[in-house]
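Shown next: coords13.cif, containing mmCIF, C-alpha atoms and all ligand atoms.
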data_input
#
loop_
_atom_site.label_atom_id
_atom_site.label_comp_id
_atom_site.auth_asym_id
_atom_site.auth_seq_id
_atom_site.Cartn_x
_atom_site.Cartn_y
_atom_site.Cartn_z
CA SER A 114 0.00 0.00 0.00
CA GLU A 115 0.99 3.66 -0.52
CA PRO A 116 2.94 5.30 2.32
CA ASP A 117 0.39 8.11 2.72
CA SER A 118 -2.58 5.83 3.02
CA ARG A 119 -0.68 3.57 5.39
CA LEU A 120 -0.09 6.54 7.63
CA ALA A 121 -3.72 7.61 7.41
CA VAL A 122 -4.85 4.11 8.35
CA PHE A 123 -2.39 4.12 11.23
CA LEU A 124 -3.56 7.44 12.64
CA LYS A 125 -7.07 6.03 12.83
CA SER A 126 -6.48 2.41 13.74
CA GLY A 127 -3.15 2.39 15.58
CA THR A 128 -1.77 -0.35 13.32
CA TYR A 129 0.85 0.23 10.61
CA ARG A 130 1.76 -2.50 8.14
CA LEU A 131 5.42 -2.93 7.34
CA ASP A 132 4.66 -4.96 4.21
CA GLU A 133 8.23 -5.67 3.22
CA ALA A 134 8.89 -7.48 6.49
CA SER A 135 5.52 -9.16 7.27
CA ALA A 136 5.52 -7.02 10.39
CA PHE A 137 3.29 -4.46 12.08
CA PHE A 138 3.89 -1.42 14.20
CA ILE A 139 1.27 -0.86 16.89
CA ASP A 140 0.40 2.21 18.93
CA PRO A 141 -1.57 0.67 21.82
CA VAL A 142 -3.02 4.07 22.77
CA ARG A 143 -4.71 4.46 19.38
CA VAL A 144 -5.88 0.85 19.36
CA LEU A 145 -7.32 1.09 22.87
CA ASN A 146 -9.05 4.37 22.10
CA ARG A 147 -11.39 2.61 19.76
CA SER A 148 -13.16 1.18 22.84
CA TYR A 149 -13.94 4.68 24.11
CA THR A 150 -16.08 7.62 23.03
CA ARG A 151 -16.19 10.12 25.88
CA PHE A 152 -12.69 9.49 27.21
CA ARG A 153 -9.39 8.58 25.67
CA VAL A 154 -6.31 6.85 26.93
CA SER A 155 -3.69 9.30 28.14
CA PRO A 156 -0.52 8.78 26.06
CA SER A 157 1.73 10.06 28.85
CA ALA A 158 0.13 7.68 31.36
CA TYR A 159 0.42 4.75 28.93
CA TYR A 160 3.97 5.50 27.84
CA SER A 161 5.43 5.81 31.31
CA ARG A 162 8.80 4.46 30.15
CA PHE A 163 11.12 4.52 27.11
CA PHE A 164 10.60 8.15 26.19
CA PRO A 165 13.60 10.45 26.63
CA TYR A 166 11.84 12.89 28.89
CA SER A 167 10.32 10.22 31.12
CA ASN A 168 13.63 8.57 31.97
CA PRO A 169 16.68 10.17 30.43
CA SER A 170 19.13 7.58 31.71
CA ILE A 171 17.65 4.67 29.78
CA CYS A 172 16.26 6.36 26.72
CA ASN A 173 18.41 9.23 25.63
CA PRO A 174 19.85 8.15 22.29
CA HIS A 175 22.81 10.47 22.90
CA VAL A 176 23.90 8.60 25.99
CA SER A 177 26.81 6.33 25.13
CA PRO A 178 25.70 2.71 24.89
CA LYS A 179 28.83 1.59 26.65
CA ASN A 180 27.50 1.85 30.18
CA PRO A 181 29.04 -0.47 32.79
CA LYS A 182 25.90 -2.60 33.17
CA LYS A 183 25.95 -3.59 29.54
CA ARG A 184 29.61 -4.36 29.65
CA LYS A 185 28.96 -6.83 32.43
CA PHE A 186 26.31 -8.60 30.33
CA ARG A 187 28.63 -8.72 27.35
CA GLY A 188 31.14 -10.52 29.48
CA GLN A 189 28.51 -12.99 30.61
CA ASP A 190 27.44 -13.57 27.06
CA LYS A 191 30.92 -14.57 26.04
CA LYS A 192 31.11 -17.09 28.85
CA ILE A 193 27.73 -18.53 27.94
CA SER A 194 28.59 -19.01 24.30
CA GLN A 195 31.67 -20.94 25.31
CA ALA A 196 29.79 -23.51 27.33
CA LEU A 197 26.11 -23.70 26.57
CA ASN A 198 24.36 -26.53 28.33
CA SER A 199 21.75 -28.44 26.37
CA ARG A 200 18.84 -26.26 27.50
CA GLU A 201 20.74 -23.11 26.59
CA GLN A 202 21.52 -24.59 23.19
CA LEU A 203 17.80 -25.13 22.60
CA ALA A 204 17.08 -21.56 23.67
CA ASP A 205 19.80 -20.30 21.38
CA ARG A 206 18.40 -22.28 18.46
CA ARG A 207 14.97 -20.74 19.05
CA HIS A 208 16.56 -17.31 19.17
CA GLN A 209 18.40 -17.90 15.90
CA GLU A 210 15.11 -18.91 14.29
CA ALA A 211 13.47 -15.67 15.38
CA ARG A 212 16.47 -13.46 14.74
CA MET A 213 16.27 -12.90 10.97
CA GLY A 214 12.60 -11.95 11.06
CA LEU A 215 13.16 -9.61 13.98
CA LEU A 216 16.10 -7.89 12.29
CA LYS A 217 14.14 -7.50 9.08
CA ALA A 218 11.18 -5.99 10.92
CA HIS A 219 13.44 -3.61 12.79
CA GLU A 220 15.21 -2.55 9.59
CA ALA A 221 11.85 -1.89 7.96
CA LEU A 222 10.92 0.34 10.89
CA LEU A 223 14.22 2.24 10.80
CA GLY A 224 13.89 2.69 7.04
CA ASP A 225 10.47 4.30 7.29
CA SER A 226 10.95 7.98 8.08
CA ASP A 227 7.20 8.69 8.23
CA LEU A 228 6.76 6.05 10.88
CA LEU A 229 9.82 7.20 12.85
CA GLY A 230 8.33 10.68 12.93
CA VAL A 231 5.09 9.36 14.39
CA LEU A 232 7.00 7.19 16.86
CA ARG A 233 8.85 10.11 18.40
CA ASN A 234 5.57 11.90 19.06
CA LEU A 235 3.47 9.04 20.38
CA ARG A 236 3.63 10.26 23.94
CA GLY A 237 3.42 13.98 23.55
CA ASP A 238 0.22 15.76 23.00
CA GLY A 239 0.14 18.09 25.93
CA ASP A 240 -1.70 15.96 28.45
CA GLU A 241 1.33 15.99 30.76
CA ASN A 242 0.31 14.13 33.87
CA HIS A 243 -3.14 15.51 34.38
CA GLY A 244 -3.90 12.71 36.87
CA GLU A 245 -3.92 13.17 40.59
CA MET A 246 -1.20 10.83 41.72
CA THR A 247 -3.47 8.79 43.96
CA SER A 248 -2.30 5.25 44.53
CA ASP A 249 -4.19 2.46 42.80
CA LEU A 250 -6.69 0.32 44.71
CA ASP A 251 -5.19 -3.04 45.59
CA PHE A 252 -7.93 -5.35 44.27
CA VAL A 253 -6.02 -8.50 45.10
CA LYS A 254 -5.88 -7.54 48.78
CA LEU A 255 -9.43 -6.18 48.81
CA GLY A 256 -10.80 -9.30 47.17
CA SER A 257 -9.26 -11.59 49.74
CA VAL A 258 -10.80 -10.12 52.93
CA TRP A 259 -14.02 -11.47 54.45
CA GLN A 260 -15.91 -8.30 53.48
CA ALA A 261 -15.09 -8.81 49.76
CA PRO A 262 -18.63 -9.91 48.81
CA PHE A 263 -19.96 -6.57 50.12
CA TYR A 264 -17.82 -4.27 47.98
CA GLU A 265 -19.99 -2.72 45.32
CA ILE A 266 -18.98 -0.72 42.29
CA VAL A 267 -21.27 2.12 41.23
CA LEU A 268 -21.91 2.11 37.48
CA LYS A 269 -23.12 5.45 36.15
CA VAL A 270 -25.34 4.45 33.27
CA GLY A 271 -28.03 6.24 31.35
CA ASP A 272 -31.29 4.29 31.00
CA ASP A 273 -31.22 4.61 27.24
CA GLY A 274 -27.98 2.70 27.32
CA SER A 275 -25.86 5.81 26.88
CA ALA A 276 -23.60 7.40 29.45
CA ALA A 277 -25.27 9.33 32.26
CA GLU A 278 -24.12 12.84 31.38
CA ASN A 279 -25.40 12.65 27.84
CA ALA A 280 -28.73 11.16 28.80
CA GLY A 281 -30.30 14.32 30.16
CA ILE A 282 -31.71 15.12 33.59
CA GLY A 283 -33.83 12.41 35.10
CA SER A 284 -32.94 9.75 32.62
CA SER A 285 -29.63 8.71 34.12
CA TYR A 286 -29.28 6.27 36.93
CA GLN A 287 -26.67 4.45 38.92
CA ARG A 288 -26.37 0.74 39.27
CA GLU A 289 -24.55 -0.75 42.24
CA VAL A 290 -23.24 -4.25 41.73
CA PRO A 291 -20.83 -6.47 43.66
CA VAL A 292 -17.36 -5.96 42.20
CA PHE A 293 -15.88 -9.35 43.15
CA ASP A 294 -17.01 -12.75 41.89
CA ASN A 295 -19.68 -11.14 39.78
CA PHE A 296 -20.08 -11.07 36.00
CA ILE A 297 -20.52 -7.42 35.00
CA ALA A 298 -21.64 -6.53 31.47
CA ILE A 299 -21.44 -2.96 30.15
CA GLU A 300 -24.10 -2.82 27.47
CA SER A 301 -23.92 0.91 26.90
CA SER A 302 -22.89 2.22 23.49
CA HIS A 303 -20.64 4.75 25.26
CA ASP A 304 -17.89 4.23 27.79
CA ILE A 305 -19.18 4.73 31.34
CA GLU A 306 -17.79 6.04 34.60
CA ALA A 307 -17.77 3.89 37.70
CA GLU A 308 -16.83 4.45 41.32
CA LEU A 309 -15.45 2.31 44.06
CA LEU A 310 -14.03 3.54 47.40
CA ASP A 311 -13.24 7.06 46.19
CA HIS A 312 -11.62 5.76 43.02
CA LYS A 313 -13.01 6.48 39.60
CA TYR A 314 -12.89 4.03 36.70
CA ILE A 315 -13.63 4.37 33.00
CA LEU A 316 -15.19 1.23 31.51
CA PRO A 317 -15.35 0.64 27.75
CA LYS A 318 -18.60 0.30 25.87
CA LYS A 319 -19.92 -3.21 25.23
CA SER A 320 -17.45 -5.03 27.44
CA CYS A 321 -17.63 -7.61 30.22
CA VAL A 322 -15.54 -8.19 33.30
CA TYR A 323 -15.31 -10.90 35.93
CA MET A 324 -12.92 -10.24 38.81
CA SER A 325 -12.02 -13.29 40.86
CA ASP A 326 -9.22 -15.52 41.99
CA LEU A 327 -8.26 -18.55 39.90
CA ARG A 328 -10.33 -20.70 42.29
CA GLN A 329 -13.51 -19.19 40.84
CA ILE A 330 -12.62 -19.38 37.15
CA HIS A 331 -14.96 -22.34 36.54
CA LYS A 332 -17.85 -19.88 36.93
CA LEU A 333 -16.94 -18.51 33.50
CA ILE A 334 -17.61 -21.83 31.79
CA PRO A 335 -20.72 -21.38 29.67
CA ALA A 336 -23.66 -23.73 30.15
CA GLU A 337 -23.92 -24.20 26.36
CA SER A 338 -20.76 -24.66 24.30
CA ASP A 339 -22.09 -22.40 21.53
CA CYS A 340 -21.78 -19.63 24.10
CA GLY A 341 -18.07 -20.36 24.49
CA PHE A 342 -15.19 -18.30 23.11
CA ASN A 343 -13.46 -18.28 19.69
CA LEU A 344 -10.43 -16.30 20.83
CA ILE A 345 -8.75 -16.95 24.17
CA VAL A 346 -5.78 -14.71 25.03
CA ILE A 347 -3.82 -15.78 28.11
CA ASP A 348 -1.01 -13.93 29.89
CA PRO A 349 -0.35 -16.04 32.99
CA PRO A 350 1.51 -14.78 36.05
CA TRP A 351 4.48 -17.06 35.28
CA GLU A 352 7.08 -17.32 37.99
CA ASN A 353 10.17 -15.37 37.01
CA SER A 354 12.69 -13.29 38.80
CA SER A 355 11.63 -10.05 37.16
CA ALA A 356 7.98 -10.05 38.34
CA HIS A 357 9.12 -11.16 41.77
CA GLN A 358 11.83 -8.56 42.12
CA LYS A 359 9.56 -5.76 41.12
CA GLN A 360 6.67 -7.15 43.21
CA LYS A 361 4.07 -6.01 40.70
CA TYR A 362 1.75 -8.98 41.01
CA GLN A 363 1.59 -12.45 42.53
CA THR A 364 2.97 -15.27 40.44
CA LEU A 365 1.88 -18.91 40.40
CA PRO A 366 3.77 -22.19 39.89
CA ASN A 367 3.27 -23.75 36.44
CA LYS A 368 1.19 -26.66 37.70
CA TYR A 369 -1.70 -24.27 38.50
CA PHE A 370 -2.09 -23.39 34.83
CA LEU A 371 -2.63 -27.03 33.88
CA SER A 372 -6.10 -26.79 35.40
CA LEU A 373 -7.21 -23.73 33.40
CA PRO A 374 -10.48 -24.83 31.72
CA VAL A 375 -9.41 -23.83 28.19
CA LYS A 376 -11.31 -26.64 26.50
CA GLN A 377 -14.48 -25.87 28.45
CA LEU A 378 -14.27 -22.19 27.51
CA THR A 379 -13.96 -23.06 23.81
CA HIS A 380 -16.86 -22.38 21.44
CA SER A 381 -18.42 -25.35 19.66
CA SER A 382 -16.82 -24.07 16.43
CA GLY A 383 -13.29 -24.08 17.93
CA ALA A 384 -10.97 -21.42 19.27
CA LEU A 385 -7.66 -19.70 18.63
CA VAL A 386 -5.55 -19.65 21.79
CA ALA A 387 -2.85 -16.97 22.12
CA LEU A 388 -0.46 -17.54 25.01
CA TRP A 389 2.19 -15.05 26.12
CA VAL A 390 5.36 -16.77 27.29
CA THR A 391 8.71 -15.62 28.63
CA ASN A 392 11.97 -16.55 26.91
CA ARG A 393 12.91 -19.15 29.52
CA GLU A 394 13.55 -22.43 27.75
CA LYS A 395 12.19 -24.43 30.68
CA LEU A 396 8.85 -22.68 30.30
CA ARG A 397 8.72 -23.21 26.54
CA THR A 398 9.34 -26.92 27.02
CA PHE A 399 6.62 -27.07 29.67
CA VAL A 400 4.11 -25.38 27.35
CA GLU A 401 4.91 -27.62 24.39
CA ASN A 402 5.09 -30.92 26.24
CA GLU A 403 2.58 -30.51 29.05
CA LEU A 404 0.41 -27.41 29.00
CA PHE A 405 -0.86 -27.33 25.41
CA PRO A 406 -1.52 -31.11 25.32
CA LYS A 407 -3.40 -30.87 28.64
CA TRP A 408 -5.52 -27.96 27.35
CA GLY A 409 -6.21 -29.72 24.04
CA VAL A 410 -4.33 -26.98 22.13
CA LYS A 411 -2.36 -27.81 18.96
CA SER A 412 0.51 -25.40 18.21
CA ALA A 413 0.00 -23.41 15.03
CA ALA A 414 2.45 -20.47 14.94
CA THR A 415 4.71 -18.16 16.92
CA PHE A 416 4.43 -14.37 16.79
CA TYR A 417 7.03 -12.00 18.23
CA TRP A 418 6.59 -8.70 20.05
CA LEU A 419 9.68 -6.58 19.39
CA LYS A 420 10.11 -3.74 21.87
CA VAL A 421 11.51 -0.39 20.80
CA LYS A 422 12.11 3.01 22.36
CA ALA A 423 10.70 6.25 21.04
CA ASP A 424 13.77 6.79 18.85
CA GLY A 425 13.16 3.45 17.13
CA SER A 426 16.12 1.66 18.74
CA LEU A 427 15.61 -1.70 20.44
CA ILE A 428 15.13 -1.55 24.23
CA GLY A 429 18.14 -3.85 24.61
CA GLU A 430 20.63 -5.72 22.47
CA LEU A 431 19.03 -8.42 20.37
CA ASP A 432 21.55 -11.08 21.31
CA LEU A 433 21.79 -10.60 25.06
CA PHE A 434 21.12 -14.04 26.45
CA HIS A 435 18.92 -13.27 29.44
CA HIS A 436 17.37 -9.98 28.40
CA ARG A 437 15.87 -10.33 24.98
CA PRO A 438 14.16 -7.20 23.61
CA TYR A 439 11.25 -9.35 22.43
CA GLU A 440 8.57 -11.66 23.81
CA CYS A 441 6.76 -14.57 22.19
CA LEU A 442 3.08 -15.11 21.62
CA LEU A 443 2.36 -18.78 20.99
CA LEU A 444 -0.70 -19.45 18.85
CA GLY A 445 -2.60 -22.70 18.87
CA LEU A 446 -5.99 -24.06 17.95
CA VAL A 447 -8.55 -25.99 19.95
CA ASP A 448 -11.03 -27.96 17.89
CA GLY A 449 -14.73 -27.59 18.47
CA LYS A 450 -17.38 -30.24 18.92
CA GLY A 451 -17.17 -33.07 16.39
CA MET A 452 -14.38 -31.43 14.33
CA ASP A 453 -10.94 -32.73 13.78
CA PHE A 454 -7.86 -30.59 13.93
CA GLU A 455 -7.01 -30.81 10.21
CA GLU A 456 -10.49 -29.67 9.32
CA LEU A 457 -10.08 -26.72 11.66
CA GLN A 458 -6.56 -25.66 10.72
CA LYS A 459 -6.61 -25.85 6.91
CA PRO A 460 -8.88 -22.92 6.14
CA ILE A 461 -7.19 -20.75 8.77
CA GLY A 462 -3.51 -21.00 7.72
CA ILE A 463 -1.81 -18.84 10.34
CA PRO A 464 1.47 -17.38 9.03
CA ASP A 465 4.43 -18.24 11.24
CA ASN A 466 6.97 -15.76 12.67
CA GLN A 467 4.97 -12.54 12.32
CA VAL A 468 6.51 -9.63 14.17
CA PHE A 469 4.71 -6.76 15.81
CA ILE A 470 6.62 -3.78 17.15
CA SER A 471 5.61 -1.32 19.84
CA VAL A 472 6.97 0.92 22.58
CA PRO A 473 6.25 -0.85 25.90
CA GLY A 474 3.93 0.72 28.47
CA ASP A 475 3.93 -0.20 32.15
CA HIS A 476 5.81 -3.21 33.49
CA SER A 477 4.48 -6.42 31.91
CA ARG A 478 1.66 -4.62 30.04
CA LYS A 479 1.15 -6.29 26.66
CA PRO A 480 0.10 -4.47 23.49
CA PRO A 481 -3.50 -5.10 22.36
CA ILE A 482 -3.10 -7.75 19.65
CA GLY A 483 -6.73 -8.85 19.22
CA GLU A 484 -7.01 -7.15 15.86
CA LEU A 485 -3.87 -8.80 14.42
CA LEU A 486 -5.45 -12.16 15.17
CA LEU A 487 -8.89 -11.53 13.66
CA ASP A 488 -8.19 -13.39 10.41
CA TYR A 489 -7.16 -16.56 12.20
CA ILE A 490 -10.11 -17.05 14.52
CA PRO A 491 -12.40 -20.00 13.76
CA GLY A 492 -16.18 -19.80 13.96
CA PRO A 493 -18.83 -17.15 13.36
CA LYS A 494 -18.12 -13.40 13.23
CA PRO A 495 -17.96 -11.29 15.30
CA ALA A 496 -15.76 -13.61 17.32
CA ARG A 497 -16.40 -14.10 21.02
CA CYS A 498 -13.18 -13.07 22.77
CA ILE A 499 -11.88 -13.54 26.30
CA GLU A 500 -8.66 -12.50 27.99
CA LEU A 501 -7.47 -14.51 30.99
CA PHE A 502 -5.36 -12.78 33.67
CA ALA A 503 -6.36 -9.45 32.11
CA ARG A 504 -5.51 -6.09 33.66
CA GLU A 505 -7.79 -4.07 31.40
CA MET A 506 -11.08 -4.24 29.53
CA THR A 507 -11.76 -3.99 25.79
CA GLU A 508 -14.85 -3.42 23.68
CA GLY A 509 -16.35 -6.74 22.63
CA TRP A 510 -14.25 -8.77 25.08
CA THR A 511 -14.69 -10.49 28.42
CA SER A 512 -11.82 -9.76 30.82
CA TRP A 513 -11.05 -12.10 33.67
CA GLY A 514 -8.38 -12.02 36.38
CA ASN A 515 -7.88 -10.84 39.94
CA ASP A 516 -7.01 -7.31 38.76
CA PRO A 517 -8.94 -6.63 35.52
CA LEU A 518 -9.79 -3.03 36.44
CA HIS A 519 -6.15 -2.09 36.94
CA PHE A 520 -5.70 0.04 33.82
CA GLN A 521 -9.31 1.26 33.92
CA ASP A 522 -8.43 3.66 36.74
CA SER A 523 -9.37 7.17 35.64
CA ARG A 524 -5.77 8.29 36.03
CA TYR A 525 -4.98 6.49 32.76
CA PHE A 526 -7.61 8.55 30.88
CA ILE A 527 -8.38 12.07 29.75
CA PRO A 528 -11.78 13.43 28.70
CA SER A 529 -12.00 13.59 24.92
N1 LIG B 601 -1.77 -9.08 30.29
C1 LIG B 601 -1.68 -8.18 31.41
C2 LIG B 601 -1.33 -6.81 30.90
O1 LIG B 601 -1.05 -6.67 29.72
O2 LIG B 601 -1.33 -5.87 31.68
C3 LIG B 601 -0.67 -8.62 32.43
C4 LIG B 601 -1.07 -9.88 33.14
S1 LIG B 601 0.07 -10.31 34.38
C5 LIG B 601 1.30 -11.14 33.51
C6 LIG B 601 -0.72 -11.60 35.26
C7 LIG B 601 -1.96 -11.22 36.06
O3 LIG B 601 -2.44 -12.39 36.73
C8 LIG B 601 -1.75 -10.18 37.13
O4 LIG B 601 -2.72 -9.16 36.99
C9 LIG B 601 -2.00 -10.92 38.44
O5 LIG B 601 -2.59 -10.11 39.45
C10 LIG B 601 -2.95 -12.00 38.00
N2 LIG B 601 -3.01 -13.13 38.92
C11 LIG B 601 -2.01 -13.60 39.72
N3 LIG B 601 -2.46 -14.61 40.49
C12 LIG B 601 -3.78 -14.79 40.19
C13 LIG B 601 -4.79 -15.66 40.69
N4 LIG B 601 -4.54 -16.56 41.63
N5 LIG B 601 -6.04 -15.54 40.17
C14 LIG B 601 -6.31 -14.62 39.22
N6 LIG B 601 -5.39 -13.77 38.72
C15 LIG B 601 -4.14 -13.84 39.20
#
Could you render the structure from this file as structure tokens?
Ligand code: SAM
Amino acid sequence: SEPDSRLAVFLKSGTYRLDEASAFFIDPVRVLNRSYTRFRVSPSAYYSRFFPYSNPSICNPHVSPKNPKKRKFRGQDKKISQALNSREQLADRRHQEARMGLLKAHEALLGDSDLLGVLRNLRGDGDENHGEMTSDLDFVKLGSVWQAPFYEIVLKVGDDGSAAENAGIGSSYQREVPVFDNFIAIESSHDIEAELLDHKYILPKKSCVYMSDLRQIHKLIPAESDCGFNLIVIDPPWENSSAHQKQKYQTLPNKYFLSLPVKQLTHSSGALVALWVTNREKLRTFVENELFPKWGVKSAATFYWLKVKADGSLIGELDLFHHRPYECLLLGLVDGKGMDFEELQKPIGIPDNQVFISVPGDHSRKPPIGELLLDYIPGPKPARCIELFAREMTEGWTSWGNDPLHFQDSRYFIPS
């Protein structure tokens, strides 16, 4: 497609095709904004890292790359390459497989001056930290006390299905519903405001949320399998040193994920499963040999999320052994009732090794990739989509986890 029209599409949709590299650039803020009408996602709140003025020490392209930390890693790398054990060799082979595609995607980005221009300005449009710096509600803690069933969230809805303020005097009303262990559906055609314990939340139009611990997840299983889901995105709280060190959320041992009811959540016409994994070889082996077989998922493709800074450079060196500047999204298919896998997979044909590039937001926050997967989802359209271990809500999706309102806090939004 023509550069100009690509840019126009990007400014609207948040997705930019890098045709020559079978890659995409994504601006999560623009993608997310499509779930909202009265509010929009604050770019400066989303892009809290990797922009020069948010943290000069890590992002300033003029700072010499030869800082002492990197030198230490280089040294380690040399040692590793001298004596890779068999697991490290496997990891290295995987990395080599991904490497060419990642380099090509990155070159395509660096060669596109229009896109680089946009990239530099993703964060800045004068909304500089509007938000009161109140601390977030700790839903995990709140949901685990004996009073949890009594916490109610106030939904400010208009009775014509629109948001309260637009509905005129007398026609708006508030709905109070339990916030924990309760399926909440926002049917409004506008985003709505909600309140809980002096905190304000912005909830997207036509979205659903269920906030509970893993122990309650079976309550999401539909009574009829034609009410199940065609797209299941999962970002588990894998155990790893990084999440632990930063203490951002609780992690769980791998064996807990074996009991996720993926098959029972699947629609009778089958489902695409998209699983975020870390680069630890031990985890990849676990997913391939135990987790996917247990869930009834057949591997279909691997996509890569390449992370860049606002100047287009990678957030870290591509070949650093323990700190890759990319993450993997494993795609697999679950067959529906009375179908076999071949029958399901043939018409779908998911391309392998697609790369999507974005500037990371908060720690562990993944870019919204639903749209990139649309063509590969089995079953009727519009697809029924669910995200497990979600920290935000999206139009047309059900979000489940113990913290799915995290990024719905009003401090991540500005009125539009
Ligand atoms: N995909 C999310 C995003 O982009 O922001 C990040 C998900 S994070 C890797 C994993 C999530 O699982 C965290 O929000 C964490 O609180 C949640 N979690 C941890 N233990 C859980 C449990 N026992 N039940 C439900 N959710 C849990």
Give me, as number ranges by chain, the set of residues whose atoms come within 7 Å of any atom of ligand LIG 601 (chain B), counting only C-alpha atoms and all ligand atoms. A: 253, 325-327, 348-351, 362-365, 477-480, 502-505, 514-517
Could those residues be written to a file, using C-alpha atoms, as a PDB file, keeping the file's coordinate frame?
ATOM      1  CA  VAL A 253      -6.020  -8.500  45.100  1.00  0.00           C
ATOM      2  CA  SER A 325     -12.020 -13.290  40.860  1.00  0.00           C
ATOM      3  CA  ASP A 326      -9.220 -15.520  41.990  1.00  0.00           C
ATOM      4  CA  LEU A 327      -8.260 -18.550  39.900  1.00  0.00           C
ATOM      5  CA  ASP A 348      -1.010 -13.930  29.890  1.00  0.00           C
ATOM      6  CA  PRO A 349      -0.350 -16.040  32.990  1.00  0.00           C
ATOM      7  CA  PRO A 350       1.510 -14.780  36.050  1.00  0.00           C
ATOM      8  CA  TRP A 351       4.480 -17.060  35.280  1.00  0.00           C
ATOM      9  CA  TYR A 362       1.750  -8.980  41.010  1.00  0.00           C
ATOM     10  CA  GLN A 363       1.590 -12.450  42.530  1.00  0.00           C
ATOM     11  CA  THR A 364       2.970 -15.270  40.440  1.00  0.00           C
ATOM     12  CA  LEU A 365       1.880 -18.910  40.400  1.00  0.00           C
ATOM     13  CA  SER A 477       4.480  -6.420  31.910  1.00  0.00           C
ATOM     14  CA  ARG A 478       1.660  -4.620  30.040  1.00  0.00           C
ATOM     15  CA  LYS A 479       1.150  -6.290  26.660  1.00  0.00           C
ATOM     16  CA  PRO A 480       0.100  -4.470  23.490  1.00  0.00           C
ATOM     17  CA  PHE A 502      -5.360 -12.780  33.670  1.00  0.00           C
ATOM     18  CA  ALA A 503      -6.360  -9.450  32.110  1.00  0.00           C
ATOM     19  CA  ARG A 504      -5.510  -6.090  33.660  1.00  0.00           C
ATOM     20  CA  GLU A 505      -7.790  -4.070  31.400  1.00  0.00           C
ATOM     21  CA  GLY A 514      -8.380 -12.020  36.380  1.00  0.00           C
ATOM     22  CA  ASN A 515      -7.880 -10.840  39.940  1.00  0.00           C
ATOM     23  CA  ASP A 516      -7.010  -7.310  38.760  1.00  0.00           C
ATOM     24  CA  PRO A 517      -8.940  -6.630  35.520  1.00  0.00           C
TER      25      PRO A 517
END
Enter the distance from CA of Gln377 (chain A) to CA of Leu442 (chain A), in Å, rounded to one decimal.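 Going from CA of Gln377 (chain A) over to CA of Leu442 (chain A) covers 21.7 Å.
Picture a line from CA of Ser381 (chain A) to CA of Glu508 (chain A); it runs 22.6 Å.
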Using all atoms listed in the file, pick whichever of A:Leu333, A:Leu485, A:Val290, A:Leu235 has the shortest atom-to-atom distance to Trp513 (chain A). A:Leu333
Extract, using only C-alpha atoms, all DNA, RNA and protein residues at most 9 Å from Ser426 (chain A), discarding same-chain residues fewer than 5 positions from it, and format them as a PyMOL selection string. chain A and resi 174+219+223+420-421
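Between Ala136 (chain A) and the candidates A:Gln209, A:Thr150, A:Asn392, A:Ile470, the tightest atom-to-atom separation, counting all atoms listed in the file, involves A:Ile470.
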Between A:Leu344, A:Ala134, A:Ile139, A:Asn466, which is the closest to Val122 (chain A) once you count all atoms listed in the file?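 Of the candidates, the smallest distance to Val122 (chain A) is held by A:Ile139.
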The distance between CA of Asp339 (chain A) and CA of Arg288 (chain A) is 29.5 Å
Among A:Asn198, A:Gly425, A:Cys340, A:Asn402, Asp227 (chain A) is approached most closely, using only C-alpha atoms, by A:Gly425
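The closest residue to Ile345 (chain A), picked from A:Pro317, A:Pro374, A:Pro156, A:Gly214 and counting all atoms listed in the file, is A:Pro374.
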Would you please work out which residue, of A:Ser118, A:Leu216, A:Ser382, A:Ile499, is nearest to Gly451 (chain A) when using only C-alpha atoms?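 Smallest distance to Gly451 (chain A) is found for A:Ser382.
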Please list as JSON, numbers by chain every residue within 10 Å of Asp132 (chain A), counting only C-alpha atoms and excluding residues in the same chain fewer than 3 positions away. {"A": [114, 129, 135, 136, 137, 218, 221]}
Can you tell me, as a PyMOL selection string, what residues are no more than 10 Å from Thr391 (chain A) when counting all atoms listed in the file, ignoring any on the same chain fewer than 4 positions away? chain A and resi 348+351-353+395-397+437+439-442
Tell me, as a ChimeraX atom specification, which residues lie within 12 Å of Thr415 (chain A), counting all atoms listed in the file; anything in the same chain fewer than 2 positions away does not count. /A:207,210-211,214,386-390,397,412-413,417-418,440-445,463-469,486
Write the residues of the selection above to a file with C-alpha atoms, as a compact mmCIF listing (two decimals), keeping the file's coordinate frame.
# COMPACT_ATOMS: atom_id res chain seq x y z
CA ARG A 207 14.97 -20.74 19.05
CA GLU A 210 15.11 -18.91 14.29
CA ALA A 211 13.47 -15.67 15.38
CA GLY A 214 12.60 -11.95 11.06
CA VAL A 386 -5.55 -19.65 21.79
CA ALA A 387 -2.85 -16.97 22.12
CA LEU A 388 -0.46 -17.54 25.01
CA TRP A 389 2.19 -15.05 26.12
CA VAL A 390 5.36 -16.77 27.29
CA ARG A 397 8.72 -23.21 26.54
CA SER A 412 0.51 -25.40 18.21
CA ALA A 413 0.00 -23.41 15.03
CA TYR A 417 7.03 -12.00 18.23
CA TRP A 418 6.59 -8.70 20.05
CA GLU A 440 8.57 -11.66 23.81
CA CYS A 441 6.76 -14.57 22.19
CA LEU A 442 3.08 -15.11 21.62
CA LEU A 443 2.36 -18.78 20.99
CA LEU A 444 -0.70 -19.45 18.85
CA GLY A 445 -2.60 -22.70 18.87
CA ILE A 463 -1.81 -18.84 10.34
CA PRO A 464 1.47 -17.38 9.03
CA ASP A 465 4.43 -18.24 11.24
CA ASN A 466 6.97 -15.76 12.67
CA GLN A 467 4.97 -12.54 12.32
CA VAL A 468 6.51 -9.63 14.17
CA PHE A 469 4.71 -6.76 15.81
CA LEU A 486 -5.45 -12.16 15.17
